[in-house]
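Asks: If it helps, the file is called target_14.cif and holds mmCIF, C-alpha atoms:
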data_data
#
loop_
_atom_site.label_atom_id
_atom_site.label_comp_id
_atom_site.auth_asym_id
_atom_site.auth_seq_id
_atom_site.Cartn_x
_atom_site.Cartn_y
_atom_site.Cartn_z
CA MET K 1 128.15 81.19 263.51
CA THR K 2 129.01 81.59 259.86
CA SER K 3 126.59 83.67 257.83
CA ARG K 4 125.08 81.80 254.86
CA THR K 5 123.08 83.01 251.90
CA GLU K 6 121.19 79.77 251.19
CA ARG K 7 117.43 79.67 251.78
CA ILE K 8 115.99 76.41 253.12
CA LEU K 9 112.32 75.47 253.10
CA ILE K 10 110.91 72.98 255.63
CA ILE K 11 107.56 71.32 254.83
CA ASP K 12 106.40 69.31 257.80
CA PRO K 13 102.95 69.02 259.40
CA ASP K 14 104.68 68.16 262.70
CA ASN K 15 105.15 71.58 264.27
CA ASP K 16 107.66 70.41 266.91
CA ALA K 17 109.85 68.56 264.44
CA ARG K 18 109.69 71.50 262.04
CA GLN K 19 110.77 73.98 264.72
CA GLU K 20 113.58 71.71 265.90
CA LEU K 21 115.06 71.51 262.41
CA ASP K 22 114.41 75.25 261.92
CA ARG K 23 116.40 76.15 265.04
CA TYR K 24 119.30 73.94 264.07
CA LEU K 25 119.55 75.27 260.52
CA GLU K 26 119.28 78.87 261.71
CA SER K 27 122.09 78.18 264.17
CA LYS K 28 124.18 77.26 261.13
CA GLY K 29 123.39 80.62 259.54
CA PHE K 30 120.82 79.54 256.94
CA TYR K 31 117.66 81.48 256.08
CA VAL K 32 114.87 79.09 257.05
CA PHE K 33 111.17 79.08 256.17
CA GLY K 34 108.80 76.51 257.67
CA TYR K 35 105.29 75.51 256.50
CA PRO K 36 102.95 72.63 257.30
CA ASP K 37 102.27 71.81 253.62
CA PHE K 38 103.29 72.78 250.09
CA GLN K 39 100.21 74.89 249.41
CA ALA K 40 101.16 77.17 252.30
CA ALA K 41 104.72 77.41 250.96
CA ARG K 42 103.74 78.14 247.33
CA ALA K 43 104.07 81.93 247.75
CA LEU K 44 107.74 81.43 248.60
CA PHE K 45 108.35 80.08 245.07
CA ASP K 46 106.65 83.10 243.53
CA ASP K 47 109.03 85.38 245.43
CA GLN K 48 112.34 83.51 245.30
CA PRO K 49 112.64 79.70 245.19
CA PRO K 50 114.54 78.10 248.07
CA ASP K 51 117.96 76.51 247.63
CA ALA K 52 116.93 73.26 249.33
CA ILE K 53 113.79 71.64 250.78
CA PHE K 54 113.26 69.32 253.73
CA ALA K 55 109.87 67.62 253.32
CA ASP K 56 108.03 65.07 255.44
CA LEU K 57 105.64 63.86 252.76
CA PRO K 58 104.43 60.53 251.36
CA PRO K 59 106.32 59.22 248.27
CA ASP K 60 103.49 60.25 245.90
CA ASP K 61 103.54 63.83 247.22
CA ILE K 62 107.34 63.87 247.02
CA HIS K 63 107.03 62.79 243.39
CA ASP K 64 104.54 65.57 242.60
CA LEU K 65 106.68 68.16 244.36
CA CYS K 66 109.84 67.02 242.55
CA GLU K 67 108.04 67.36 239.22
CA LYS K 68 107.16 70.96 240.15
CA LEU K 69 110.78 71.59 241.09
CA ASP K 70 111.92 70.28 237.70
CA GLY K 71 110.06 73.21 236.17
CA GLU K 72 112.30 75.66 238.01
CA ASP K 73 115.34 77.07 236.25
CA ALA K 74 117.71 76.14 239.08
CA PHE K 75 118.45 72.80 240.70
CA ILE K 76 116.55 72.60 244.01
CA PRO K 77 117.33 69.42 245.97
CA LEU K 78 114.61 67.81 248.10
CA ILE K 79 115.56 65.88 251.25
CA ALA K 80 112.98 63.47 252.60
CA TYR K 81 112.55 64.19 256.33
CA SER K 82 110.77 61.25 257.95
CA HIS K 83 110.31 59.14 261.11
CA THR K 84 110.36 55.92 259.13
CA SER K 85 113.22 53.51 259.38
CA ASP K 86 111.72 51.02 256.95
CA ALA K 87 114.14 50.43 254.09
CA CYS K 88 111.32 50.07 251.55
CA GLU K 89 109.88 53.48 252.45
CA VAL K 90 113.33 55.07 252.25
CA VAL K 91 113.87 53.55 248.79
CA ALA K 92 110.36 54.70 247.74
CA ALA K 93 111.21 58.27 248.75
CA LEU K 94 114.44 58.19 246.77
CA ARG K 95 112.67 56.74 243.73
CA ALA K 96 110.06 59.48 244.01
CA GLY K 97 112.81 62.05 243.48
CA ALA K 98 114.33 62.80 246.89
CA GLU K 99 118.05 63.47 246.76
CA ASP K 100 118.63 62.08 250.25
CA VAL K 101 116.79 60.98 253.39
CA VAL K 102 117.18 62.37 256.95
CA LEU K 103 115.49 60.48 259.76
CA LYS K 104 113.72 61.92 262.75
CA PRO K 105 114.48 62.58 265.53
CA LEU K 106 117.67 64.51 264.87
CA SER K 107 119.89 62.51 267.17
CA GLU K 108 122.94 63.06 264.98
CA LYS K 109 122.60 66.55 263.57
CA SER K 110 126.05 66.36 261.99
CA LYS K 111 124.50 64.10 259.32
CA ILE K 112 122.45 67.12 258.16
CA ASP K 113 125.68 69.06 257.70
CA ASP K 114 127.07 66.26 255.55
CA VAL K 115 123.90 66.04 253.46
CA LEU K 116 123.69 69.80 252.91
CA GLY K 117 127.40 70.08 252.17
CA LYS K 118 127.16 67.54 249.34
CA LEU K 119 123.91 68.94 247.96
CA PHE K 120 125.02 72.57 248.01
CA ASP K 121 128.15 71.57 246.12
CA ARG K 122 125.80 70.27 243.42
CA VAL K 123 123.68 73.42 243.70
CA ARG K 124 126.75 75.62 243.18
CA VAL K 125 127.92 73.55 240.21
CA ASN K 126 124.43 73.67 238.73
CA ARG K 127 124.23 77.43 239.17
CA LEU K 128 127.66 77.92 237.67
CA ASN K 129 126.60 75.79 234.71
CA GLN K 130 123.43 77.81 234.42
CA LEU K 131 125.44 81.04 234.53
CA TYR K 132 127.88 79.74 231.92
CA ARG K 133 124.97 78.59 229.76
CA GLN K 134 123.35 82.01 230.02
CA GLU K 135 126.64 83.72 229.19
CA LEU K 136 127.13 81.32 226.29
CA GLU K 137 123.62 81.99 224.99
CA GLU K 138 124.24 85.74 225.23
CA ALA K 139 127.60 85.32 223.48
CA ASN K 140 125.95 83.21 220.78
CA SER K 141 123.24 85.82 220.37
CA ASP K 142 125.89 88.54 220.03
CA LEU K 143 127.82 86.33 217.64
CA ARG K 144 124.75 85.70 215.48
CA ALA K 145 124.04 89.42 215.40
CA GLY K 146 127.66 90.11 214.52
CA ILE K 147 127.64 87.48 211.77
CA SER K 148 124.40 88.90 210.39
CA GLU K 149 125.91 92.37 210.33
CA LEU K 150 129.11 91.04 208.77
CA ARG K 151 127.13 89.27 206.06
CA ALA K 152 125.20 92.44 205.35
CA ASP K 153 128.49 94.36 205.12
CA GLN K 154 129.98 91.72 202.84
CA ARG K 155 126.92 91.71 200.60
CA ALA K 156 127.26 95.49 200.33
CA GLY K 157 130.97 95.07 199.63
CA ARG K 158 130.18 92.52 196.96
CA LYS K 159 127.88 95.01 195.24
CA VAL K 160 130.68 97.59 195.31
CA GLN K 161 133.09 95.08 193.77
CA LEU K 162 130.63 94.24 191.01
CA LYS K 163 130.20 97.95 190.27
CA MET K 164 133.99 98.25 189.83
CA LEU K 165 134.15 95.55 187.18
CA PRO K 166 133.98 96.45 183.48
CA ASP K 167 130.96 95.64 181.33
CA HIS K 168 130.51 92.14 179.97
CA GLU K 169 131.13 91.47 176.25
CA ARG K 170 132.58 94.91 175.78
CA GLU K 171 133.55 96.00 172.27
CA LEU K 172 136.94 97.72 172.29
CA GLY K 173 137.90 98.56 168.73
CA GLY K 174 138.25 95.25 166.93
CA LEU K 175 138.21 93.28 170.18
CA THR K 176 135.42 91.75 172.22
CA VAL K 177 136.35 91.34 175.88
CA ASP K 178 134.37 89.42 178.49
CA HIS K 179 134.99 88.21 182.03
CA LEU K 180 133.81 85.98 184.87
CA ILE K 181 134.52 86.26 188.59
CA LYS K 182 133.37 83.66 191.11
CA PRO K 183 134.45 84.39 194.69
CA SER K 184 135.06 81.60 197.18
CA LEU K 185 133.55 83.89 199.86
CA TYR K 186 131.23 86.91 199.58
CA LEU K 187 134.15 89.09 198.56
CA SER K 188 136.79 88.30 195.99
CA GLY K 189 140.55 88.77 196.12
CA ASP K 190 140.67 88.41 192.34
CA PHE K 191 140.28 91.46 190.15
CA LEU K 192 140.41 92.33 186.47
CA ASP K 193 139.90 95.23 184.14
CA TYR K 194 140.15 96.15 180.46
CA PHE K 195 139.86 99.45 178.61
CA ARG K 196 141.17 101.45 175.67
CA ILE K 197 144.32 103.50 176.30
CA SER K 198 144.55 104.88 172.77
CA SER K 199 142.75 104.67 169.46
CA ASP K 200 144.43 101.36 168.64
CA GLN K 201 145.54 99.97 172.02
CA THR K 202 143.68 98.02 174.69
CA LEU K 203 145.01 97.25 178.15
CA VAL K 204 143.84 94.12 179.95
CA TYR K 205 145.00 92.80 183.29
CA ILE K 206 144.11 90.18 185.86
CA ALA K 207 145.23 90.27 189.49
CA ASP K 208 145.10 87.83 192.38
CA VAL K 209 145.53 89.36 195.83
CA SER K 210 147.15 87.19 198.50
CA GLY K 211 144.68 85.78 201.03
CA HIS K 212 140.90 85.84 200.96
CA GLY K 213 137.99 87.86 202.26
CA ALA K 214 137.60 91.52 203.15
CA SER K 215 141.27 92.49 203.54
CA SER K 216 142.09 91.15 200.08
CA ALA K 217 138.97 92.76 198.64
CA PHE K 218 140.17 96.15 199.92
CA VAL K 219 143.23 95.81 197.67
CA THR K 220 140.98 95.36 194.64
CA VAL K 221 139.49 98.78 195.42
CA LEU K 222 143.02 100.17 195.48
CA LEU K 223 143.72 98.61 192.06
CA LYS K 224 140.60 100.14 190.55
CA ASN K 225 141.40 103.52 192.03
CA LEU K 226 144.94 103.36 190.68
CA THR K 227 143.90 102.46 187.13
CA ASN K 228 141.37 105.29 187.13
CA ARG K 229 144.06 107.74 188.22
CA LEU K 230 146.51 106.48 185.62
CA LYS K 231 143.88 106.90 182.89
CA ARG K 232 143.18 110.46 184.08
CA ASN K 233 146.91 111.21 184.13
CA LEU K 234 147.19 110.00 180.54
CA ARG K 235 144.31 112.23 179.42
CA ARG K 236 145.85 115.22 181.22
CA GLY K 237 149.30 114.48 179.87
CA SER K 238 150.84 114.34 183.35
CA SER K 239 151.92 110.68 183.12
CA ASP K 240 152.00 107.94 180.49
CA ASP K 241 152.81 105.08 182.88
CA ILE K 242 149.69 103.21 181.82
CA LEU K 243 151.11 102.82 178.27
CA PHE K 244 153.91 100.57 179.56
CA PRO K 245 153.20 97.21 181.23
CA GLU K 246 156.31 97.27 183.43
CA ARG K 247 155.59 100.80 184.70
CA PHE K 248 152.00 99.83 185.41
CA LEU K 249 153.29 97.06 187.69
CA GLN K 250 155.73 99.47 189.32
CA ARG K 251 152.91 101.84 190.18
CA ILE K 252 150.88 99.03 191.75
CA ASN K 253 153.98 97.95 193.68
CA THR K 254 154.50 101.45 195.09
CA GLU K 255 150.84 101.80 196.07
CA LEU K 256 150.83 98.48 197.93
CA LEU K 257 154.04 99.20 199.82
CA ASP K 258 152.76 102.65 200.82
CA THR K 259 149.56 101.21 202.30
CA GLY K 260 151.45 98.90 204.66
CA LEU K 261 148.69 96.29 204.41
CA GLY K 262 151.14 93.44 204.09
CA LYS K 263 149.42 92.28 200.93
CA HIS K 264 151.02 91.32 197.65
CA VAL K 265 149.47 90.66 194.26
CA THR K 266 150.20 88.43 191.32
CA VAL K 267 149.40 90.27 188.10
CA PHE K 268 149.42 89.76 184.36
CA VAL K 269 149.09 92.96 182.35
CA GLY K 270 149.00 93.08 178.57
CA ILE K 271 148.60 95.80 175.95
CA ILE K 272 147.17 94.75 172.59
CA ASN K 273 148.07 97.00 169.67
CA GLU K 274 145.67 96.44 166.79
CA GLN K 275 147.73 98.53 164.39
CA THR K 276 150.99 96.60 164.86
CA HIS K 277 149.20 93.31 165.69
CA THR K 278 151.30 92.79 168.80
CA LEU K 279 150.77 91.92 172.44
CA LYS K 280 153.19 93.44 174.93
CA TYR K 281 152.95 92.14 178.47
CA ALA K 282 154.63 91.92 181.87
CA VAL K 283 154.22 89.22 184.47
CA GLY K 284 154.14 89.78 188.22
CA ALA K 285 154.49 86.12 189.32
CA HIS K 286 151.06 85.38 187.87
CA PHE K 287 150.07 81.77 187.35
CA PRO K 288 148.77 80.13 185.26
CA MET K 289 150.01 82.07 182.29
CA PRO K 290 147.37 83.19 179.76
CA ILE K 291 146.54 80.96 176.82
CA LEU K 292 146.81 82.45 173.34
CA SER K 293 145.00 80.82 170.44
CA ILE K 294 145.79 82.21 166.97
CA GLU K 295 143.75 80.96 164.04
CA GLY K 296 145.60 78.19 162.24
CA GLU K 297 147.99 77.58 165.13
CA PRO K 298 147.65 75.37 168.22
CA PRO K 299 146.84 77.26 171.42
CA MET K 300 149.75 77.83 173.79
CA PHE K 301 150.60 79.22 177.18
CA LEU K 302 152.42 82.53 176.97
CA GLU K 303 155.95 82.52 178.31
CA GLY K 304 157.31 84.87 180.91
CA ASN K 305 157.97 85.40 184.59
CA GLY K 306 158.59 88.15 187.10
CA LEU K 307 158.49 89.08 190.76
CA PRO K 308 155.22 89.37 192.71
CA VAL K 309 153.91 92.90 193.13
CA GLY K 310 153.97 94.54 196.54
CA LEU K 311 156.84 92.68 198.21
CA PHE K 312 160.02 94.40 197.07
CA LYS K 313 161.04 98.04 197.14
CA ASP K 314 162.65 98.49 193.72
CA PRO K 315 161.74 95.50 191.53
CA GLU K 316 162.06 95.41 187.77
CA TRP K 317 159.88 93.57 185.31
CA GLU K 318 160.73 92.37 181.85
CA VAL K 319 158.45 93.26 178.95
CA TYR K 320 157.57 90.47 176.52
CA GLU K 321 156.21 90.92 173.02
CA ILE K 322 154.45 88.49 170.70
CA ARG K 323 153.10 88.89 167.18
CA LEU K 324 149.41 88.32 166.60
CA ASN K 325 149.51 86.88 163.07
CA GLY K 326 145.80 86.40 162.61
CA PRO K 327 142.47 86.41 164.40
CA PHE K 328 143.15 85.31 167.95
CA GLN K 329 141.64 84.60 171.30
CA LEU K 330 143.40 85.28 174.58
CA PHE K 331 142.31 83.74 177.89
CA LEU K 332 143.52 85.02 181.26
CA PHE K 333 142.92 82.96 184.41
CA SER K 334 143.53 83.29 188.13
CA ASP K 335 145.05 80.25 189.84
CA GLY K 336 141.69 79.29 191.33
CA ILE K 337 140.83 77.74 187.96
CA LEU K 338 143.39 75.00 188.59
CA GLU K 339 141.72 74.07 191.89
CA VAL K 340 138.55 72.91 190.12
CA ILE K 341 140.27 70.91 187.37
CA LYS K 342 140.34 67.25 188.37
CA ALA K 343 143.84 66.04 187.65
CA LYS K 344 146.59 64.56 189.80
CA SER K 345 149.45 66.84 188.85
CA LEU K 346 149.90 70.50 187.96
CA ALA K 347 151.15 69.53 184.52
CA LYS K 348 147.95 67.51 183.93
CA LYS K 349 145.81 70.42 185.10
CA GLU K 350 147.55 72.78 182.65
CA GLU K 351 147.18 70.20 179.91
CA ARG K 352 143.46 69.92 180.61
CA LEU K 353 143.07 73.71 180.61
CA LEU K 354 144.80 73.87 177.24
CA GLU K 355 142.45 71.19 175.90
CA LEU K 356 139.41 73.21 176.98
CA VAL K 357 140.61 76.22 174.98
CA SER K 358 141.70 74.29 171.89
CA GLY K 359 139.46 73.12 169.09
CA GLY K 360 137.92 76.41 168.07
CA ARG K 361 136.89 79.66 169.67
CA HIS K 362 135.31 79.33 173.07
CA THR K 363 133.30 81.63 175.23
CA ILE K 364 133.57 82.09 178.97
CA ALA K 365 130.13 80.51 179.26
CA SER K 366 131.31 77.35 177.48
CA LEU K 367 134.39 77.14 179.72
CA SER K 368 132.22 77.58 182.79
CA ASP K 369 129.93 74.78 181.61
CA ALA K 370 132.86 72.50 180.83
CA LEU K 371 134.22 72.99 184.36
CA ASN K 372 130.75 72.87 186.01
CA LEU K 373 131.50 76.12 187.83
CA ASP K 374 127.83 76.90 188.44
CA GLU K 375 127.34 73.57 190.20
CA ILE K 376 130.19 74.05 192.71
CA THR K 377 128.67 75.57 195.85
CA GLU K 378 131.92 76.05 197.78
CA LEU K 379 134.92 77.03 195.69
CA PRO K 380 138.35 76.36 197.21
CA ASP K 381 139.64 79.65 195.79
CA ASP K 382 138.43 82.72 193.90
CA ILE K 383 138.18 82.22 190.15
CA ALA K 384 138.60 84.95 187.56
CA ILE K 385 138.61 84.56 183.77
CA VAL K 386 139.05 87.15 181.02
CA SER K 387 138.59 86.40 177.34
CA VAL K 388 139.83 88.69 174.57
CA THR K 389 138.54 87.81 171.10
CA ASP K 390 139.85 89.42 167.92
CA THR K 391 136.82 90.10 165.74
CA VAL K 392 138.84 91.19 162.69
CA LYS K 393 138.80 88.64 159.85
CA THR K 394 141.98 87.27 158.38
CA SER K 395 141.05 88.75 154.99
CA ASP K 396 140.78 92.18 156.59
CA GLN K 397 144.26 91.87 158.05
CA SER K 398 145.81 90.66 154.79
CA GLY K 399 144.39 93.65 152.94
CA GLU K 400 145.99 96.20 155.29
#
Kindly present the structure from the file in structure tokens form.

Replies:
Amino acid sequence: MTSRTERILIIDPDNDARQELDRYLESKGFYVFGYPDFQAARALFDDQPPDAIFADLPPDDIHDLCEKLDGEDAFIPLIAYSHTSDACEVVAALRAGAEDVVLKPLSEKSKIDDVLGKLFDRVRVNRLNQLYRQELEEANSDLRAGISELRADQRAGRKVQLKMLPDHERELGGLTVDHLIKPSLYLSGDFLDYFRISSDQTLVYIADVSGHGASSAFVTVLLKNLTNRLKRNLRRGSSDDILFPERFLQRINTELLDTGLGKHVTVFVGIINEQTHTLKYAVGAHFPMPILSIEGEPPMFLEGNGLPVGLFKDPEWEVYEIRLNGPFQLFLFSDGILEVIKAKSLAKKEERLLELVSGGRHTIASLSDALNLDEITELPDDIAIVSVTDTVKTSDQSGE
């Protein structure tokens, strides 16, 4: 006899028939419990529900019992166990909810084996599904908790990033500098900064870290830390790298390679000298190029190119210089700005961007309104904008 773990309940007011079926099922290794009616068997459900039920009951009682079984977590098949051979009564039992019908007397007991074999296959499948469902619910619960924690971490990270950014509408000598950053996720891979490096020079840069999310945001922390160190070095007299755009890019390149993060950055860095009225800059594969608008002249994209930062061991960057022959406005963008401009080609997108800047001095707020940035709920990429506005009048420059 093979030992089984299934528990079978017999409900039959016929004591002899109940004992006959009991003996046969026990001989097959099942745990068997027999009762004359369901009320007597109710305690069994409070302890541990059976795996299958044989019941000699009228169709209405079978229906009521099947409804009770539907309230159980597991699938519990009910087999109608009856003397009847009337086809209508057999069909009535099946319609009432019985999974199968076994007729008394048990002249062919092998039929019970066939019935139980098929039903217990369904029971096992049902229990496996229930187990998988429970595991899935637990996994979903863990996932929801993990996502909630991740969102909390990202919100905290976002606050840190905002703290690293410079003040809005900052007055730096004769310049007013402002910025906008809109991340596509909680955290941004775009970064920017601007500050005075001497009594007449202002450094401004914009950077776009490869990728998105937390790993790219970590690089923005590195950039902020580096610029702070370079400013301290300049004050201490230990290094003047921050006074030279190409050396500034070299320092970022070295820092990124040393971290081994596998991240690279596109950067535009410019130094505006108010005494000489010049802009010196270096380009680390940044795109689109900044737009310069000088009073009395049409706005234009600056020219220049260079290698991305953080990919090559000993790169070199060219330094470009342009005269600022009057009051000007300089706009720096990350490439996410092109993603929200509706145009078919890149050339058309650049043309549209140039149109937005032309026709007078614009603010970041007016550009944001023109592009409907506040109305876009899901940005395809991070967007960063920096505006540098020369507040010195043309008459003041001509009198110098």

Asks: Find the residues around stretch 149-153 of chain K up to 12 Å (all atoms listed in the file counted), leave out those fewer than 3 positions away in its own chain, and share them as a list in words.

Replies: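 Listing them by chain and then by number gives Asp142, Leu143, Arg144, Ala145, Gly146, Ala156, Gly157, Arg158, Lys159, Val160, Leu185, Tyr186, Leu187, Gly213 and Ala214 of chain K.
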
Asks: When the PyMOL selection byres ((chain K and resi 241) around 12) is applied to the file above, which residues end up in the set, as a list in words?

Replies: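 So the PyMOL selection byres ((chain K and resi 241) around 12) ends up selecting Ile197, Leu226, Thr227, Arg229, Leu230, Lys231, Arg232, Asn233, Leu234, Arg235, Gly237, Ser238, Ser239, Asp240, Ile242, Leu243, Phe244, Pro245, Glu246, Arg247, Phe248, Leu249, Gln250, Arg251 and Ile252 of chain K.
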
Asks: Need the shell around K:Met300: protein/DNA/RNA residues with any atom at most 10 Å away, counting all atoms listed in the file. Skip same-chain ones fewer than 4 positions apart. Format as number ranges by chain?

Replies: K: 289-294, 330, 354, 357-358

Asks: Determine the nearest neighbour of K:Ser184 from the options K:Ser210, K:Thr278, K:Asn325, K:Thr377, counting all atoms listed in the file.

Replies: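 When distances to K:Ser184 are compared using all atoms listed in the file, the smallest one comes from K:Thr377.
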
Asks: To one decimal place, how far is atom CA of K:Gln19 from atom CA of K:Asp47 in Å?

Replies: 22.5 Å

Asks: Please write the residues picked by the PyMOL selection byres ((chain K and resi 308) around 6) on this file as a list in words.

Replies: Thr266, Gly284, Ala285, Leu307 and Val309 of chain K

Asks: With a distance cut-off of 12 Å and only C-alpha atoms, select the neighbouring residues of stretch 111-123 of chain K, excluding the residue or stretch itself and same-chain residues fewer than 3 positions from it, and output the selection as a PDB file with C-alpha atoms, keeping the file's coordinate frame.

Replies:
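Produced file out12.pdb, reproduced below:
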ATOM      1  CA  ARG K   4     125.080  81.800 254.860  1.00  0.00           C
ATOM      2  CA  THR K   5     123.080  83.010 251.900  1.00  0.00           C
ATOM      3  CA  GLU K   6     121.190  79.770 251.190  1.00  0.00           C
ATOM      4  CA  ARG K   7     117.430  79.670 251.780  1.00  0.00           C
ATOM      5  CA  ILE K   8     115.990  76.410 253.120  1.00  0.00           C
ATOM      6  CA  LEU K  21     115.060  71.510 262.410  1.00  0.00           C
ATOM      7  CA  TYR K  24     119.300  73.940 264.070  1.00  0.00           C
ATOM      8  CA  LEU K  25     119.550  75.270 260.520  1.00  0.00           C
ATOM      9  CA  SER K  27     122.090  78.180 264.170  1.00  0.00           C
ATOM     10  CA  LYS K  28     124.180  77.260 261.130  1.00  0.00           C
ATOM     11  CA  GLY K  29     123.390  80.620 259.540  1.00  0.00           C
ATOM     12  CA  PHE K  30     120.820  79.540 256.940  1.00  0.00           C
ATOM     13  CA  PRO K  50     114.540  78.100 248.070  1.00  0.00           C
ATOM     14  CA  ASP K  51     117.960  76.510 247.630  1.00  0.00           C
ATOM     15  CA  ALA K  52     116.930  73.260 249.330  1.00  0.00           C
ATOM     16  CA  ILE K  53     113.790  71.640 250.780  1.00  0.00           C
ATOM     17  CA  PHE K  54     113.260  69.320 253.730  1.00  0.00           C
ATOM     18  CA  ASP K  73     115.340  77.070 236.250  1.00  0.00           C
ATOM     19  CA  ALA K  74     117.710  76.140 239.080  1.00  0.00           C
ATOM     20  CA  PHE K  75     118.450  72.800 240.700  1.00  0.00           C
ATOM     21  CA  ILE K  76     116.550  72.600 244.010  1.00  0.00           C
ATOM     22  CA  PRO K  77     117.330  69.420 245.970  1.00  0.00           C
ATOM     23  CA  LEU K  78     114.610  67.810 248.100  1.00  0.00           C
ATOM     24  CA  ILE K  79     115.560  65.880 251.250  1.00  0.00           C
ATOM     25  CA  ALA K  80     112.980  63.470 252.600  1.00  0.00           C
ATOM     26  CA  TYR K  81     112.550  64.190 256.330  1.00  0.00           C
ATOM     27  CA  ALA K  98     114.330  62.800 246.890  1.00  0.00           C
ATOM     28  CA  GLU K  99     118.050  63.470 246.760  1.00  0.00           C
ATOM     29  CA  ASP K 100     118.630  62.080 250.250  1.00  0.00           C
ATOM     30  CA  VAL K 101     116.790  60.980 253.390  1.00  0.00           C
ATOM     31  CA  VAL K 102     117.180  62.370 256.950  1.00  0.00           C
ATOM     32  CA  LEU K 103     115.490  60.480 259.760  1.00  0.00           C
ATOM     33  CA  LYS K 104     113.720  61.920 262.750  1.00  0.00           C
ATOM     34  CA  PRO K 105     114.480  62.580 265.530  1.00  0.00           C
ATOM     35  CA  LEU K 106     117.670  64.510 264.870  1.00  0.00           C
ATOM     36  CA  SER K 107     119.890  62.510 267.170  1.00  0.00           C
ATOM     37  CA  GLU K 108     122.940  63.060 264.980  1.00  0.00           C
ATOM     38  CA  ASN K 126     124.430  73.670 238.730  1.00  0.00           C
ATOM     39  CA  ARG K 127     124.230  77.430 239.170  1.00  0.00           C
ATOM     40  CA  LEU K 128     127.660  77.920 237.670  1.00  0.00           C
ATOM     41  CA  ASN K 129     126.600  75.790 234.710  1.00  0.00           C
ATOM     42  CA  GLN K 130     123.430  77.810 234.420  1.00  0.00           C
TER      43      GLN K 130
END

Asks: Write out as an MDAnalysis selection string the residues lying within 10 Å of K:Leu324, counting only C-alpha atoms and excluding same-chain residues fewer than 3 positions away.

Replies: chainID K and resid 272:274 276:279 292:295 321 327:329 390

Asks: Have a look at atom CA of K:Thr389 and atom CA of K:Ala365 and let me know their distance in Å, one decimal.

Replies: 13.8 Å

Asks: Got a sec to resolve the PyMOL selection byres ((chain K and resi 62) around 10) on this structure and send the residues as a VMD selection string?

Replies: chain K and resid 55 to 61 63 to 68 78 to 80 92 to 98

Asks: Fewer than 2 positions away in the same chain doesn't count, so skip those; otherwise give me all residues within 6 Å of K:Val267, counting all atoms listed in the file, as a tab-separated table (two decimals) with C-alpha atoms, in the frame of the given file.

Replies:
chain	number	residue	atom	x	y	z
K	206	ILE	CA	144.11	90.18	185.86
K	207	ALA	CA	145.23	90.27	189.49
K	284	GLY	CA	154.14	89.78	188.22
K	286	HIS	CA	151.06	85.38	187.87
